[in-house]
$ cat work.csv   # CSV, C-alpha atoms
chain,number,residue,atom,x,y,z
A,1,MET,CA,29.9,1.2,3.6
A,2,GLU,CA,26.7,3.1,4.4
A,3,TYR,CA,27.1,5.3,1.4
A,4,LEU,CA,27.9,2.3,-0.8
A,5,VAL,CA,24.5,0.8,0.2
A,6,VAL,CA,22.9,4.1,-0.9
A,7,VAL,CA,24.6,3.9,-4.3
A,8,VAL,CA,23.7,0.3,-4.8
A,9,SER,CA,20.1,1.0,-4.0
A,10,ALA,CA,20.0,3.8,-6.6
A,11,THR,CA,21.6,1.5,-9.1
A,12,ILE,CA,19.1,-1.2,-8.5
A,13,LEU,CA,16.3,1.3,-8.9
A,14,THR,CA,17.8,2.4,-12.3
A,15,PHE,CA,17.9,-1.3,-13.4
A,16,LEU,CA,14.3,-1.9,-12.3
A,17,VAL,CA,13.0,1.0,-14.3
A,18,HIS,CA,14.8,-0.1,-17.5
A,19,PHE,CA,13.8,-3.7,-16.9
A,20,CYS,CA,10.1,-2.9,-16.4
A,21,PHE,CA,9.6,-0.3,-19.2
A,22,ASP,CA,10.6,0.4,-22.7
A,23,ARG,CA,13.3,2.9,-23.4
A,24,ASP,CA,11.1,6.0,-24.0
A,25,THR,CA,8.9,5.3,-20.9
A,26,ALA,CA,11.9,4.6,-18.8
A,27,ARG,CA,13.5,7.9,-19.9
A,28,ARG,CA,10.4,9.7,-18.5
A,29,ILE,CA,10.0,7.7,-15.3
A,30,LEU,CA,13.5,7.3,-14.1
A,31,PRO,CA,14.1,11.1,-13.3
A,32,VAL,CA,10.9,11.2,-11.2
A,33,LEU,CA,11.8,8.1,-9.2
A,34,LEU,CA,15.4,9.1,-8.7
A,35,LEU,CA,14.2,12.5,-7.4
A,36,ALA,CA,11.7,10.7,-5.1
A,37,PHE,CA,14.5,8.5,-3.9
A,38,ALA,CA,16.8,11.4,-3.1
A,39,THR,CA,14.0,13.4,-1.5
A,40,ARG,CA,13.4,10.6,1.0
A,41,LEU,CA,17.1,10.6,2.0
A,42,LEU,CA,17.0,14.4,2.4
A,43,ILE,CA,13.9,14.2,4.6
A,44,HIS,CA,15.6,11.5,6.6
A,45,VAL,CA,18.7,13.6,7.2
A,46,LEU,CA,17.3,17.1,7.5
A,47,VAL,CA,13.9,16.5,9.1
A,48,LEU,CA,13.3,13.2,10.9
A,49,ARG,CA,16.8,12.5,12.4
A,50,THR,CA,17.4,16.1,13.3
A,51,GLY,CA,14.1,16.4,15.2
A,52,LEU,CA,13.0,19.3,13.0
A,53,LEU,CA,9.6,17.7,12.7
A,54,PRO,CA,8.3,16.2,16.0
A,55,TYR,CA,7.4,12.9,14.6
A,56,GLY,CA,8.6,9.3,14.9
A,57,GLY,CA,9.1,6.6,17.5
A,58,ASP,CA,8.5,3.4,15.6
A,59,ASN,CA,11.6,4.0,13.5
A,60,TYR,CA,13.9,4.1,16.5
A,61,THR,CA,12.1,1.0,17.9
A,62,TYR,CA,12.8,-1.0,14.8
A,63,GLU,CA,16.4,0.2,14.8
A,64,TYR,CA,16.8,-1.1,18.3
A,65,ARG,CA,15.2,-4.4,17.5
A,66,ALA,CA,17.4,-4.8,14.5
A,67,SER,CA,20.5,-4.2,16.7
A,68,LYS,CA,19.2,-7.1,18.9
A,69,ILE,CA,19.0,-9.3,15.9
A,70,VAL,CA,22.6,-8.4,15.0
A,71,ALA,CA,23.7,-9.3,18.6
A,72,LEU,CA,21.9,-12.7,18.3
A,73,TRP,CA,23.6,-13.4,15.0
A,74,GLU,CA,27.0,-12.8,16.5
A,75,ARG,CA,26.1,-15.3,19.3
A,76,GLU,CA,24.3,-18.0,17.4
A,77,GLY,CA,25.0,-17.5,13.7
A,78,PHE,CA,23.2,-16.0,10.8
A,79,GLN,CA,19.4,-16.9,10.6
A,80,PHE,CA,16.0,-15.4,10.0
A,81,VAL,CA,15.0,-14.3,13.5
A,82,THR,CA,11.4,-14.4,14.5
A,83,SER,CA,9.4,-13.6,17.7
A,84,ASP,CA,10.3,-17.1,18.9
A,85,GLN,CA,13.9,-15.8,19.5
A,86,ILE,CA,13.1,-12.2,20.2
A,87,THR,CA,9.6,-11.5,21.5
A,88,ASP,CA,9.6,-7.9,20.4
A,89,LEU,CA,9.7,-8.9,16.7
A,90,TYR,CA,6.0,-9.9,16.6
A,91,SER,CA,4.6,-8.9,13.2
A,92,VAL,CA,7.7,-6.9,12.2
A,93,ALA,CA,10.2,-9.7,11.6
A,94,VAL,CA,10.9,-9.0,7.9
A,95,PRO,CA,11.7,-5.2,8.2
A,96,CYS,CA,13.8,-5.7,11.3
A,97,ASN,CA,15.8,-8.6,9.7
A,98,ILE,CA,16.4,-6.5,6.6
A,99,TYR,CA,17.6,-3.6,8.8
A,100,ALA,CA,19.7,-5.9,10.8
A,101,LEU,CA,21.4,-7.3,7.7
A,102,ILE,CA,22.3,-3.7,6.6
A,103,ILE,CA,23.6,-2.8,10.1
A,104,TYR,CA,25.6,-6.0,10.1
A,105,LEU,CA,27.2,-5.3,6.7
A,106,CYS,CA,27.9,-1.7,7.7
A,107,GLY,CA,29.5,-2.8,11.0
A,108,GLY,CA,27.2,-0.6,13.1
A,109,PRO,CA,24.2,1.7,13.1
A,110,ALA,CA,23.3,2.7,9.5
A,111,PRO,CA,20.0,4.6,9.4
A,112,LEU,CA,20.8,6.3,6.1
A,113,ALA,CA,21.6,2.9,4.4
A,114,CYS,CA,18.4,1.4,5.9
A,115,THR,CA,16.4,4.4,4.6
A,116,ALA,CA,17.9,4.0,1.2
A,117,VAL,CA,16.5,0.4,1.0
A,118,VAL,CA,13.1,1.7,2.3
A,119,ALA,CA,13.2,4.4,-0.4
A,120,LEU,CA,14.0,1.7,-3.0
A,121,ILE,CA,11.0,-0.3,-2.0
A,122,ALA,CA,8.8,2.9,-2.1
A,123,CYS,CA,10.0,3.6,-5.7
A,124,ALA,CA,9.4,-0.1,-6.7
A,125,LEU,CA,5.9,0.3,-5.4
A,126,CYS,CA,5.4,3.3,-7.7
A,127,ILE,CA,6.5,1.1,-10.6
A,128,VAL,CA,3.9,-1.5,-9.5
A,129,MET,CA,1.2,1.2,-9.3
A,130,TYR,CA,2.0,2.3,-12.9
A,131,ARG,CA,1.7,-1.2,-14.2
A,132,PHE,CA,-1.4,-1.9,-12.1
A,133,ALA,CA,-3.0,1.2,-13.5
A,134,ARG,CA,-2.2,0.1,-17.1
A,135,LEU,CA,-3.6,-3.3,-16.4
A,136,ILE,CA,-7.0,-2.0,-15.4
A,137,GLY,CA,-7.3,0.3,-18.4
A,138,ALA,CA,-5.5,3.6,-17.7
A,139,ASP,CA,-3.4,5.0,-20.5
A,140,GLU,CA,0.3,5.9,-20.3
A,141,ARG,CA,-0.3,9.6,-19.5
A,142,ALA,CA,-2.7,8.9,-16.6
A,143,SER,CA,-0.5,6.1,-15.3
A,144,TYR,CA,2.5,8.4,-15.3
A,145,ARG,CA,0.6,11.1,-13.5
A,146,LEU,CA,-0.4,8.5,-10.9
A,147,LEU,CA,3.2,7.4,-10.4
A,148,ALA,CA,4.4,10.9,-10.0
A,149,LEU,CA,1.7,11.8,-7.5
A,150,MET,CA,2.1,8.7,-5.4
A,151,ALA,CA,5.9,9.1,-5.3
A,152,PHE,CA,5.5,12.4,-3.5
A,153,MET,CA,2.2,11.8,-1.6
A,154,PRO,CA,3.0,13.4,1.8
A,155,ALA,CA,2.1,10.5,4.1
A,156,PHE,CA,3.7,7.9,1.9
A,157,LEU,CA,6.7,10.1,1.5
A,158,LEU,CA,7.1,10.7,5.2
A,159,HIS,CA,6.7,7.0,6.2
A,160,THR,CA,9.2,5.8,3.7
A,161,SER,CA,11.9,8.3,4.7
A,162,ASP,CA,13.1,6.4,7.7
A,163,MET,CA,13.1,2.9,9.3
A,164,PHE,CA,9.4,2.4,9.3
A,165,LYS,CA,7.6,-0.7,8.1
A,166,ASP,CA,4.8,1.1,6.2
A,167,GLY,CA,6.6,1.0,2.9
A,168,PHE,CA,7.1,-2.8,3.1
A,169,ASN,CA,3.4,-3.3,4.0
A,170,ALA,CA,2.1,-1.1,1.2
A,171,PHE,CA,4.4,-2.8,-1.4
A,172,CYS,CA,3.3,-6.3,-0.5
A,173,VAL,CA,-0.4,-5.4,-0.4
A,174,VAL,CA,-0.4,-3.6,-3.7
A,175,ALA,CA,1.8,-6.2,-5.4
A,176,CYS,CA,-0.6,-9.0,-4.2
A,177,LEU,CA,-3.6,-7.2,-5.5
A,178,ALA,CA,-1.9,-6.5,-8.8
A,179,LEU,CA,-1.1,-10.2,-9.2
A,180,ALA,CA,-4.7,-11.1,-8.3
A,181,THR,CA,-6.0,-8.6,-11.0
A,182,SER,CA,-3.6,-9.9,-13.5
A,183,ASN,CA,-4.8,-13.5,-12.8
A,184,VAL,CA,-8.4,-12.3,-13.5
A,185,GLN,CA,-7.2,-11.2,-17.0
A,186,LYS,CA,-5.0,-14.3,-17.7
A,187,PHE,CA,-4.3,-17.1,-15.2
A,188,ASP,CA,-0.7,-18.0,-14.9
A,189,ILE,CA,0.7,-20.4,-12.2
A,190,ARG,CA,3.9,-18.2,-12.1
A,191,LYS,CA,1.8,-15.5,-10.5
A,192,ILE,CA,0.7,-17.8,-7.8
A,193,LEU,CA,4.3,-18.7,-7.1
A,194,LEU,CA,5.1,-15.0,-6.8
A,195,LEU,CA,2.3,-14.6,-4.3
A,196,ILE,CA,3.8,-17.1,-1.9
A,197,PRO,CA,6.9,-15.0,-0.8
A,198,LEU,CA,4.8,-11.8,-0.9
A,199,LEU,CA,2.2,-13.3,1.5
A,200,TRP,CA,4.9,-14.7,3.7
A,201,ALA,CA,6.6,-11.3,3.9
A,202,LEU,CA,3.2,-9.6,4.6
A,203,TRP,CA,2.5,-12.1,7.4
A,204,ASN,CA,5.8,-11.0,9.0
A,205,ILE,CA,5.0,-7.3,8.6
A,206,ARG,CA,1.2,-6.9,9.3
A,207,PRO,CA,-0.4,-10.3,9.6
A,208,TYR,CA,-4.0,-9.1,9.4
A,209,MET,CA,-3.3,-7.6,6.0
A,210,VAL,CA,-3.0,-11.2,4.6
A,211,PHE,CA,-6.6,-11.7,5.4
A,212,MET,CA,-7.6,-8.3,3.9
A,213,CYS,CA,-6.0,-9.5,0.7
A,214,GLY,CA,-7.7,-12.9,0.9
A,215,LEU,CA,-10.9,-12.2,-0.9
A,216,PRO,CA,-9.3,-10.4,-3.8
A,217,LEU,CA,-6.8,-13.3,-4.2
A,218,ILE,CA,-9.6,-15.8,-4.2
A,219,LEU,CA,-11.5,-13.8,-6.8
A,220,GLY,CA,-8.4,-13.5,-8.9
A,221,PHE,CA,-8.3,-17.3,-9.0
A,222,VAL,CA,-12.0,-18.0,-9.4
A,223,ALA,CA,-12.7,-15.3,-12.0
A,224,SER,CA,-10.0,-16.5,-14.3
A,225,LYS,CA,-11.3,-17.9,-17.6
A,226,ARG,CA,-8.7,-20.7,-17.5
A,227,VAL,CA,-9.8,-22.0,-14.1
A,228,LEU,CA,-12.8,-24.1,-13.4
A,229,PRO,CA,-14.9,-21.8,-11.2
A,230,LEU,CA,-17.3,-24.5,-10.1
A,231,CYS,CA,-14.5,-26.7,-8.7
A,232,THR,CA,-12.8,-23.8,-7.0
A,233,LEU,CA,-16.1,-22.6,-5.4
A,234,THR,CA,-16.8,-26.1,-4.2
A,235,LEU,CA,-13.5,-26.3,-2.4
A,236,LEU,CA,-13.9,-22.8,-1.0
A,237,ALA,CA,-17.4,-23.6,0.2
A,238,GLY,CA,-16.2,-26.8,1.9
A,239,PHE,CA,-13.4,-24.9,3.7
A,240,LEU,CA,-15.9,-22.2,4.9
A,241,ALA,CA,-18.3,-25.0,6.1
A,242,CYS,CA,-15.5,-26.5,8.2
A,243,LEU,CA,-14.9,-23.1,9.8
A,244,ILE,CA,-18.6,-22.6,10.5
A,245,PHE,CA,-19.7,-26.1,11.6
A,246,PHE,CA,-16.5,-27.3,13.1
A,247,PRO,CA,-14.9,-24.2,14.7
A,248,GLU,CA,-12.4,-26.5,16.5
A,249,SER,CA,-10.8,-27.1,13.1
A,250,THR,CA,-9.4,-23.6,13.2
A,251,GLU,CA,-7.0,-24.6,16.0
A,252,ASN,CA,-3.4,-24.0,15.1
A,253,LEU,CA,-4.5,-22.3,11.9
A,254,ALA,CA,-3.6,-18.7,10.9
A,255,VAL,CA,-7.3,-17.8,11.4
A,256,GLU,CA,-6.7,-17.7,15.1
A,257,THR,CA,-4.0,-15.1,14.6
A,258,MET,CA,-6.5,-12.9,12.7
A,259,GLN,CA,-9.2,-13.4,15.4
A,260,ALA,CA,-6.7,-12.5,18.1
A,261,GLN,CA,-5.5,-9.4,16.3
A,262,LEU,CA,-9.0,-8.2,15.6
A,263,ALA,CA,-10.0,-8.7,19.2
A,264,GLN,CA,-6.9,-6.9,20.4
A,265,GLY,CA,-7.5,-3.9,18.1
A,266,GLN,CA,-11.2,-3.7,19.1
A,267,SER,CA,-10.5,-4.1,22.8
A,268,LYS,CA,-11.5,-1.3,25.2
A,269,GLU,CA,-8.0,-1.1,26.5
A,270,ALA,CA,-6.5,-0.6,23.0
A,271,ILE,CA,-9.1,1.9,22.0
A,272,ARG,CA,-8.8,3.8,25.3
A,273,ALA,CA,-5.0,3.9,24.9
A,274,ASN,CA,-5.1,5.2,21.4
A,275,SER,CA,-7.8,7.8,22.2
A,276,ASP,CA,-5.7,9.2,25.1
A,277,ARG,CA,-2.8,10.0,22.7
A,278,ASP,CA,-2.4,13.1,20.6
A,279,SER,CA,-5.2,13.4,18.0
A,280,GLY,CA,-7.3,10.9,19.8
A,281,VAL,CA,-11.1,10.8,19.2
A,282,VAL,CA,-13.9,9.2,21.3
A,283,PHE,CA,-17.2,7.9,19.8
A,284,ASN,CA,-20.4,7.4,21.6
A,285,ASP,CA,-20.7,3.7,20.9
A,286,GLY,CA,-21.5,2.3,24.3
A,287,GLY,CA,-18.2,0.4,24.3
A,288,ASN,CA,-19.3,-1.7,21.3
A,289,PRO,CA,-16.6,-1.5,18.5
A,290,TRP,CA,-19.4,-1.9,15.9
A,291,GLY,CA,-21.4,1.0,17.4
A,292,ALA,CA,-21.5,4.4,15.7
A,293,LEU,CA,-20.0,2.6,12.6
A,294,PRO,CA,-21.1,5.3,10.0
A,295,ALA,CA,-19.3,8.0,12.0
A,296,LYS,CA,-16.2,5.8,12.4
A,297,VAL,CA,-16.1,5.0,8.7
A,298,VAL,CA,-16.3,8.8,7.9
A,299,TYR,CA,-13.3,9.4,10.3
A,300,THR,CA,-11.4,6.4,8.9
A,301,LEU,CA,-11.7,7.7,5.3
A,302,LEU,CA,-11.8,11.5,5.6
A,303,SER,CA,-10.0,12.7,8.7
A,304,PRO,CA,-8.2,14.9,9.5
A,305,PHE,CA,-10.9,17.4,8.6
A,306,PRO,CA,-9.9,21.0,7.6
A,307,TRP,CA,-11.2,22.3,10.9
A,308,THR,CA,-9.4,19.7,13.1
A,309,GLY,CA,-7.0,21.1,15.6
A,310,GLY,CA,-3.8,19.4,16.7
A,311,SER,CA,-0.1,19.1,16.2
A,312,ILE,CA,1.9,20.6,13.4
A,313,VAL,CA,2.2,17.2,11.8
A,314,LEU,CA,-1.5,16.8,11.9
A,315,GLN,CA,-1.9,20.2,10.2
A,316,LEU,CA,0.6,19.2,7.5
A,317,GLY,CA,-1.4,16.0,7.0
A,318,LYS,CA,-4.3,18.1,5.8
A,319,ILE,CA,-2.4,18.7,2.6
A,320,GLU,CA,-2.6,15.0,1.8
A,321,THR,CA,-6.2,14.9,2.9
A,322,LEU,CA,-7.2,17.5,0.4
A,323,LEU,CA,-5.4,15.5,-2.3
A,324,TRP,CA,-7.2,12.4,-1.0
A,325,TYR,CA,-10.6,14.1,-1.3
A,326,TYR,CA,-9.8,14.9,-5.0
A,327,LEU,CA,-8.6,11.3,-5.7
A,328,LEU,CA,-11.7,9.9,-4.0
A,329,VAL,CA,-14.1,11.9,-6.2
A,330,ARG,CA,-12.2,10.8,-9.3
A,331,ALA,CA,-12.1,7.2,-8.0
A,332,VAL,CA,-15.9,7.1,-7.9
A,333,GLN,CA,-15.9,8.2,-11.6
A,334,GLY,CA,-13.2,5.7,-12.4
A,335,GLY,CA,-15.2,3.0,-10.6
A,336,ARG,CA,-18.3,3.7,-12.6
A,337,GLU,CA,-16.2,3.4,-15.8
A,338,LEU,CA,-14.7,0.1,-14.7
A,339,TRP,CA,-18.1,-1.2,-13.7
A,340,ARG,CA,-19.3,-0.7,-17.3
A,341,ARG,CA,-16.2,-2.1,-18.9
A,342,GLU,CA,-14.6,-4.7,-16.7
A,343,ARG,CA,-16.4,-5.5,-13.4
A,344,ARG,CA,-14.0,-8.2,-12.3
A,345,PHE,CA,-11.2,-5.7,-12.0
A,346,LEU,CA,-13.4,-3.4,-9.9
A,347,MET,CA,-14.4,-6.3,-7.7
A,348,VAL,CA,-10.8,-7.1,-6.9
A,349,ILE,CA,-10.3,-3.5,-5.7
A,350,LEU,CA,-13.5,-3.3,-3.8
A,351,LEU,CA,-13.0,-6.6,-2.0
A,352,PHE,CA,-9.9,-5.2,-0.5
A,353,VAL,CA,-11.0,-1.6,0.2
A,354,LEU,CA,-14.4,-2.2,1.7
A,355,PRO,CA,-13.5,-4.9,4.3
A,356,CYS,CA,-10.3,-3.1,5.2
A,357,THR,CA,-12.2,0.1,5.8
A,358,ILE,CA,-14.8,-1.6,8.0
A,359,VAL,CA,-12.2,-3.4,10.0
A,360,TYR,CA,-10.2,-0.2,10.6
A,361,ALA,CA,-13.3,1.7,11.5
A,362,THR,CA,-14.1,-0.8,14.3
A,363,SER,CA,-10.8,0.1,15.9
A,364,MET,CA,-10.9,3.8,15.1
A,365,ALA,CA,-9.7,5.9,18.0
A,366,ASN,CA,-6.9,8.1,16.8
A,367,ILE,CA,-6.8,10.4,13.7
A,368,GLY,CA,-3.0,10.3,13.4
A,369,LEU,CA,-2.9,6.5,13.6
A,370,ILE,CA,-5.6,5.9,11.0
A,371,PHE,CA,-4.0,8.5,8.8
A,372,ARG,CA,-1.0,6.2,8.7
A,373,GLN,CA,-2.8,2.9,8.6
A,374,ARG,CA,-5.1,3.7,5.7
A,375,MET,CA,-2.1,4.3,3.3
A,376,PRO,CA,-2.8,1.0,1.4
A,377,ILE,CA,-6.4,2.1,1.0
A,378,VAL,CA,-5.4,5.4,-0.5
A,379,LEU,CA,-2.9,3.8,-2.9
A,380,VAL,CA,-5.4,1.2,-4.1
A,381,VAL,CA,-8.3,3.6,-4.5
A,382,SER,CA,-6.1,6.0,-6.4
A,383,LEU,CA,-5.8,3.4,-9.2
A,384,LEU,CA,-9.4,4.2,-10.0
A,385,SER,CA,-8.5,7.8,-10.4
A,386,ALA,CA,-6.1,7.0,-13.2
A,387,VAL,CA,-9.0,5.2,-15.0
A,388,ALA,CA,-11.1,8.4,-14.6
A,389,TRP,CA,-8.3,10.6,-16.0
A,390,THR,CA,-8.0,8.3,-19.0
A,391,ARG,CA,-11.8,8.5,-19.6
A,392,ALA,CA,-11.7,12.3,-19.3
A,393,GLU,CA,-8.9,12.5,-21.8
A,394,GLN,CA,-10.7,10.3,-24.2
A,395,ARG,CA,-13.8,12.5,-24.0
A,396,ARG,CA,-11.7,15.6,-24.7
A,397,GLY,CA,-10.0,14.0,-27.6
A,398,PRO,CA,-12.9,14.1,-30.1
A,399,LYS,CA,-13.6,17.7,-29.3
A,400,LYS,CA,-10.0,18.7,-30.0
A,401,SER,CA,-10.1,16.7,-33.2
A,402,GLN,CA,-13.3,18.4,-34.2
A,403,GLY,CA,-11.9,21.8,-33.4
A,404,ARG,CA,-8.8,21.2,-35.5
A,405,PHE,CA,-10.9,19.9,-38.4
A,406,SER,CA,-13.1,23.0,-38.3
A,407,GLU,CA,-10.1,25.3,-38.3
A,408,GLU,CA,-8.5,23.4,-41.2
A,409,SER,CA,-11.8,23.7,-43.2
A,410,ARG,CA,-11.9,27.5,-42.7
A,411,ILE,CA,-8.4,27.8,-43.9
A,412,SER,CA,-8.9,25.7,-47.0
A,413,SER,CA,-12.1,27.6,-47.9
A,414,ARG,CA,-10.1,30.8,-48.0
$ encode --input "work.csv" --output "structure tokens"
Amino acid sequence: MEYLVVVVSATILTFLVHFCFDRDTARRILPVLLLAFATRLLIHVLVLRTGLLPYGGDNYTYEYRASKIVALWEREGFQFVTSDQITDLYSVAVPCNIYALIIYLCGGPAPLACTAVVALIACALCIVMYRFARLIGADERASYRLLALMAFMPAFLLHTSDMFKDGFNAFCVVACLALATSNVQKFDIRKILLLIPLLWALWNIRPYMVFMCGLPLILGFVASKRVLPLCTLTLLAGFLACLIFFPESTENLAVETMQAQLAQGQSKEAIRANSDRDSGVVFNDGGNPWGALPAKVVYTLLSPFPWTGGSIVLQLGKIETLLWYYLLVRAVQGGRELWRRERRFLMVILLFVLPCTIVYATSMANIGLIFRQRMPIVLVVSLLSAVAWTRAEQRRGPKKSQGRFSEESRISSR
């Protein structure tokens, strides 16, 4: 049964590619994604589960929690299990319930089958990245390059090769931002309906990421030409006024969850615990999470640095960091191009990247942890790189045409 789940996952991936793209594009993209799918299974079998690479922990924890869900189903019947029934499921209910369903169908532990589903979600995210890049102005060649690069980006590859939740989180975040950007271009109520399950899933994966996506989603609604901005802004202003002047109105709202998570992440106890682990880092901030913010932002975005010592996993992580430096430089160029051509698209991206970076920086205490947490930031910023690649290709195009024209003129003159 476990191998059947793997085959079904690969079949669904093939269907998705052919559904989302025309025949010629699908013919180019499908081999890349099938290779990315198979590579994740190989890393799972040969590296992570054999202990060849000293990395992991959360994957085994989620597997254990999924088995507890299966046990609860056998006692009380099939249902979506939350932290109300099993306290350990706080903020990871969706991944664990999906893993539990696979374990239940397979009749026992099925890490390979669970990884196949995670790999499917990772490949689906690559499809979303391609379409997102095309939406903001990247051409087919640049979008294909982005898809191929993201499919094998080391951190993303590693954290979607076992029973982690990072792939679920990244997919929901990027899909929400893609829908917000699409709404900027052309408002469609169906996109809002698609956002509802995505935000619900994200709330049960990493709740604070719902708030990180909040501003881009609002902009996607307000900036649409088919929506009355004045009416929307009035409603938004009224809601914010209630939060400011009547703080008691936030009782029993999701805002409390965000405040609690932020306070927990910025607490001295959490920062001390993270800094005491491998690859921990301590800042001279006087115990204030907002202190030494510039240095924390630098570490959040750019660590691990080439000279940083640490475990073998941290050293391997420098491969991605070098790629990330390149993508960051190109993203700045792409951002400038988007600012000149379509500022609303750029604002959707920046309204996610900037607040998310600041929030992560205020809880920065471990290079390995932030290397994993900033994955959505890397994915979203990389979209701007595709815009820069397209612009660079367009600039080279006329020069090539002029070169061919000159050569043809010399031949005809002979």
$ closest_residue --input "work.csv" --among "A:Ile103, A:Ala116, A:Leu147, A:Leu179" --to "Ile12 (chain A)" --atoms "all atoms listed in the file"
A:Ala116
$ closest_atom_pairs --input "work.csv" --of "region 61-168 of chain A" --to "region 383-396 of chain A" --cutoff "10 Å" --atoms "only C-alpha atoms" --output "JSON lines"
{"residue": "A:Met129", "atom": "CA", "partner": "A:Leu383", "partner_atom": "CA", "distance": 7.3}
{"residue": "A:Tyr130", "atom": "CA", "partner": "A:Leu383", "partner_atom": "CA", "distance": 8.7}
{"residue": "A:Phe132", "atom": "CA", "partner": "A:Leu383", "partner_atom": "CA", "distance": 7.5}
{"residue": "A:Ala133", "atom": "CA", "partner": "A:Leu383", "partner_atom": "CA", "distance": 5.6}
{"residue": "A:Arg134", "atom": "CA", "partner": "A:Val387", "partner_atom": "CA", "distance": 8.8}
{"residue": "A:Ile136", "atom": "CA", "partner": "A:Val387", "partner_atom": "CA", "distance": 7.5}
{"residue": "A:Gly137", "atom": "CA", "partner": "A:Val387", "partner_atom": "CA", "distance": 6.2}
{"residue": "A:Ala138", "atom": "CA", "partner": "A:Val387", "partner_atom": "CA", "distance": 4.7}
{"residue": "A:Asp139", "atom": "CA", "partner": "A:Thr390", "partner_atom": "CA", "distance": 5.9}
{"residue": "A:Glu140", "atom": "CA", "partner": "A:Thr390", "partner_atom": "CA", "distance": 8.7}
{"residue": "A:Arg141", "atom": "CA", "partner": "A:Thr390", "partner_atom": "CA", "distance": 7.8}
{"residue": "A:Ala142", "atom": "CA", "partner": "A:Ala386", "partner_atom": "CA", "distance": 5.2}
{"residue": "A:Ser143", "atom": "CA", "partner": "A:Ala386", "partner_atom": "CA", "distance": 6.0}
{"residue": "A:Tyr144", "atom": "CA", "partner": "A:Ala386", "partner_atom": "CA", "distance": 9.0}
{"residue": "A:Arg145", "atom": "CA", "partner": "A:Ala386", "partner_atom": "CA", "distance": 7.9}
{"residue": "A:Leu146", "atom": "CA", "partner": "A:Ala386", "partner_atom": "CA", "distance": 6.3}
{"residue": "A:Leu147", "atom": "CA", "partner": "A:Ala386", "partner_atom": "CA", "distance": 9.7}
$ closest_atom_pairs --input "work.csv" --of "region 33-108 of chain A" --to "region 313-327 of chain A" --cutoff "8 Å" --atoms "only C-alpha atoms" --output "Markdown table"
| residue | atom | partner | partner_atom | distance |
| --- | --- | --- | --- | --- |
| A:Leu53 | CA | A:Val313 | CA | 7.5 |
| A:Pro54 | CA | A:Val313 | CA | 7.5 |
| A:Tyr55 | CA | A:Val313 | CA | 7.3 |
$ atom_distance --input "work.csv" --atom1 "CA of Met153 (chain A)" --atom2 "CA of Tyr208 (chain A)"
24.4 Å
$ atom_distance --input "work.csv" --atom1 "CA of Tyr62 (chain A)" --atom2 "CA of Lys165 (chain A)"
8.5 Å
$ closest_residue --input "work.csv" --among "A:Arg206, A:Lys186, A:Arg374, A:Arg27" --to "Tyr90 (chain A)" --atoms "only C-alpha atoms"
A:Arg206
$ closest_residue --input "work.csv" --among "A:Arg330, A:His159, A:Arg65, A:Arg277" --to "Gln373 (chain A)" --atoms "all atoms listed in the file"
A:His159
$ atom_distance --input "work.csv" --atom1 "CA of Leu193 (chain A)" --atom2 "CA of Cys356 (chain A)"
24.7 Å
$ residues_around --input "work.csv" --residues "Leu42 (chain A)" --least-positions-apart "2" --cutoff "12 Å" --atoms "all atoms listed in the file" --output "JSON, numbers by chain"
{"A": [35, 36, 37, 38, 39, 40, 44, 45, 46, 47, 48, 49, 50, 112, 115, 116, 119, 157, 158, 160, 161, 162]}
